[in-house]
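The data block below is input.cif; it holds mmCIF, C-alpha atoms.
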data_work
loop_
_atom_site.group_PDB
_atom_site.id
_atom_site.type_symbol
_atom_site.label_atom_id
_atom_site.label_comp_id
_atom_site.auth_asym_id
_atom_site.auth_seq_id
_atom_site.Cartn_x
_atom_site.Cartn_y
_atom_site.Cartn_z
ATOM 1 C CA MET V 20 1.389 5.709 -25.934
ATOM 2 C CA ALA V 21 -0.059 9.028 -27.065
ATOM 3 C CA ASN V 22 0.891 8.211 -30.680
ATOM 4 C CA ILE V 23 -1.390 5.171 -30.866
ATOM 5 C CA LYS V 24 -4.100 5.749 -33.398
ATOM 6 C CA ARG V 25 -7.398 3.971 -33.780
ATOM 7 C CA VAL V 26 -8.357 2.214 -37.017
ATOM 8 C CA ASP V 27 -10.835 4.905 -38.008
ATOM 9 C CA GLU V 28 -8.254 7.634 -37.369
ATOM 10 C CA LEU V 29 -5.748 5.868 -39.601
ATOM 11 C CA ILE V 30 -8.318 5.437 -42.363
ATOM 12 C CA SER V 31 -9.289 9.098 -42.257
ATOM 13 C CA MET V 32 -5.614 10.141 -42.341
ATOM 14 C CA LYS V 33 -5.040 8.121 -45.518
ATOM 15 C CA ASN V 34 -7.956 9.714 -47.400
ATOM 16 C CA LEU V 35 -8.884 6.421 -49.028
ATOM 17 C CA SER V 36 -11.193 6.494 -51.985
ATOM 18 C CA PRO V 37 -14.504 4.587 -51.878
ATOM 19 C CA GLN V 38 -12.957 1.959 -54.153
ATOM 20 C CA GLU V 39 -10.006 1.500 -51.801
ATOM 21 C CA LEU V 40 -12.333 1.278 -48.811
ATOM 22 C CA GLU V 41 -14.354 -1.390 -50.609
ATOM 23 C CA LEU V 42 -11.202 -3.259 -51.592
ATOM 24 C CA HIS V 43 -9.965 -3.343 -47.991
ATOM 25 C CA LYS V 44 -13.300 -3.600 -46.151
ATOM 26 C CA GLU V 45 -12.652 -7.123 -44.823
ATOM 27 C CA MET V 46 -9.265 -6.153 -43.455
ATOM 28 C CA ILE V 47 -10.703 -2.954 -41.962
ATOM 29 C CA ALA V 48 -13.509 -4.931 -40.289
ATOM 30 C CA GLU V 49 -10.986 -7.418 -38.892
ATOM 31 C CA CYS V 50 -8.828 -4.583 -37.564
ATOM 32 C CA ARG V 51 -11.849 -3.016 -35.850
ATOM 33 C CA GLU V 52 -12.702 -6.369 -34.231
ATOM 34 C CA ARG V 53 -9.141 -6.785 -33.035
ATOM 35 C CA GLU V 54 -9.099 -3.229 -31.740
ATOM 36 C CA THR V 55 -12.186 -4.009 -29.659
ATOM 37 C CA MET V 56 -10.591 -7.219 -28.381
ATOM 38 C CA ILE V 57 -7.398 -5.365 -27.439
ATOM 39 C CA GLU V 58 -9.403 -2.794 -25.478
ATOM 40 C CA GLU V 59 -11.252 -5.562 -23.649
ATOM 41 C CA TYR V 60 -8.042 -7.470 -22.861
ATOM 42 C CA SER V 61 -6.347 -4.283 -21.725
ATOM 43 C CA ALA V 62 -9.199 -3.528 -19.326
ATOM 44 C CA ARG V 63 -9.066 -7.076 -17.959
ATOM 45 C CA THR V 64 -5.307 -6.885 -17.572
ATOM 46 C CA GLN V 65 -5.555 -3.573 -15.737
ATOM 47 C CA GLY V 66 -8.140 -5.059 -13.379
ATOM 48 C CA SER V 67 -5.965 -8.102 -12.775
ATOM 49 C CA LEU V 68 -2.947 -5.917 -12.039
ATOM 50 C CA GLN V 69 -4.963 -3.939 -9.509
ATOM 51 C CA GLN V 70 -6.100 -7.158 -7.836
ATOM 52 C CA LEU V 71 -2.505 -8.405 -7.776
ATOM 53 C CA ALA V 72 -1.288 -5.140 -6.244
ATOM 54 C CA GLN V 73 -3.969 -5.385 -3.545
ATOM 55 C CA ALA V 74 -3.050 -9.020 -2.838
ATOM 56 C CA CYS V 75 0.634 -8.068 -2.542
ATOM 57 C CA GLU V 76 -0.223 -5.246 -0.176
ATOM 58 C CA THR V 77 -2.309 -7.594 1.967
ATOM 59 C CA ALA V 78 0.470 -10.196 1.979
ATOM 60 C CA THR V 79 3.008 -7.562 3.009
ATOM 61 C CA GLU V 80 0.851 -6.393 5.910
ATOM 62 C CA ARG V 81 0.306 -9.975 7.059
ATOM 63 C CA ALA V 82 4.030 -10.699 6.824
ATOM 64 C CA LYS V 83 4.749 -7.653 8.993
ATOM 65 C CA THR V 84 2.182 -8.822 11.551
ATOM 66 C CA LEU V 85 3.656 -12.329 11.514
ATOM 67 C CA ALA V 86 7.194 -10.961 11.937
ATOM 68 C CA ALA V 87 6.093 -8.909 14.944
ATOM 69 C CA SER V 88 4.396 -11.960 16.474
ATOM 70 C CA ILE V 89 7.474 -14.104 15.911
ATOM 71 C CA GLU V 90 9.651 -11.451 17.534
ATOM 72 C CA LYS V 91 7.344 -11.437 20.534
ATOM 73 C CA VAL V 92 7.477 -15.238 20.823
ATOM 74 C CA LEU V 93 11.279 -15.212 20.586
ATOM 75 C CA ASP V 94 11.498 -12.624 23.364
ATOM 76 C CA GLU V 95 9.229 -14.752 25.539
ATOM 77 C CA MET V 96 11.324 -17.857 24.803
ATOM 78 C CA GLU V 97 14.511 -16.061 25.791
ATOM 79 C CA SER V 98 12.918 -14.947 29.023
ATOM 80 C CA LEU V 99 11.694 -18.456 29.762
ATOM 81 C CA CYS V 100 15.124 -19.949 29.018
ATOM 82 C CA LEU V 101 16.714 -17.531 31.465
ATOM 83 C CA LYS V 102 14.172 -18.457 34.108
ATOM 84 C CA LEU V 103 14.802 -22.166 33.575
ATOM 85 C CA LEU V 104 18.560 -21.841 33.668
ATOM 86 C CA PRO V 105 19.954 -23.542 36.781
ATOM 87 C CA GLU V 106 21.296 -21.115 39.349
ATOM 88 C CA ASP V 107 24.833 -22.538 39.176
ATOM 89 C CA GLN V 108 24.991 -21.905 35.393
ATOM 90 C CA PHE V 109 23.743 -18.373 35.593
ATOM 91 C CA TYR V 110 26.564 -15.917 34.983
ATOM 92 C CA ARG V 111 26.861 -13.017 37.402
ATOM 93 C CA GLU V 112 29.490 -10.349 37.707
#
Once you've parsed the file, please lay out its structure as structure tokens.
Amino acid sequence: MANIKRVDELISMKNLSPQELELHKEMIAECRERETMIEEYSARTQGSLQQLAQACETATERAKTLAASIEKVLDEMESLCLKLLPEDQFYRE
């Protein structure tokens, strides 16, 4: 993106005459307005992406915590099932 030029840079590169500048002044003004809008939208988008990344990170951490809790509950259930198993069904070597 280093090759992106601003409107004023492009105008200065073209060495437009005063008559050409006058002829294209409405288009130049519109381009400047759009350039400002693009900068604003880009900043908003960047902020939104950062918020999304933070939300994903939070969700990942919560999912890991939930997975650990579920694993703990499953271990407890297995232990309880073994304790509730009738003695005659319990396999021993």
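For the pair CA of Arg25 in chain V and CA of Gly66 in chain V, the interatomic distance is 22.3 Å.
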Between CA of Glu59 in chain V and CA of Ala78 in chain V, distance in Å (one decimal):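 Computing the Euclidean distance for CA of Glu59 in chain V and CA of Ala78 in chain V yields 28.6 Å.
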CA of Leu40 in chain V to CA of Val26 in chain V, distance in Å rounded to a single decimal: 12.5 Å
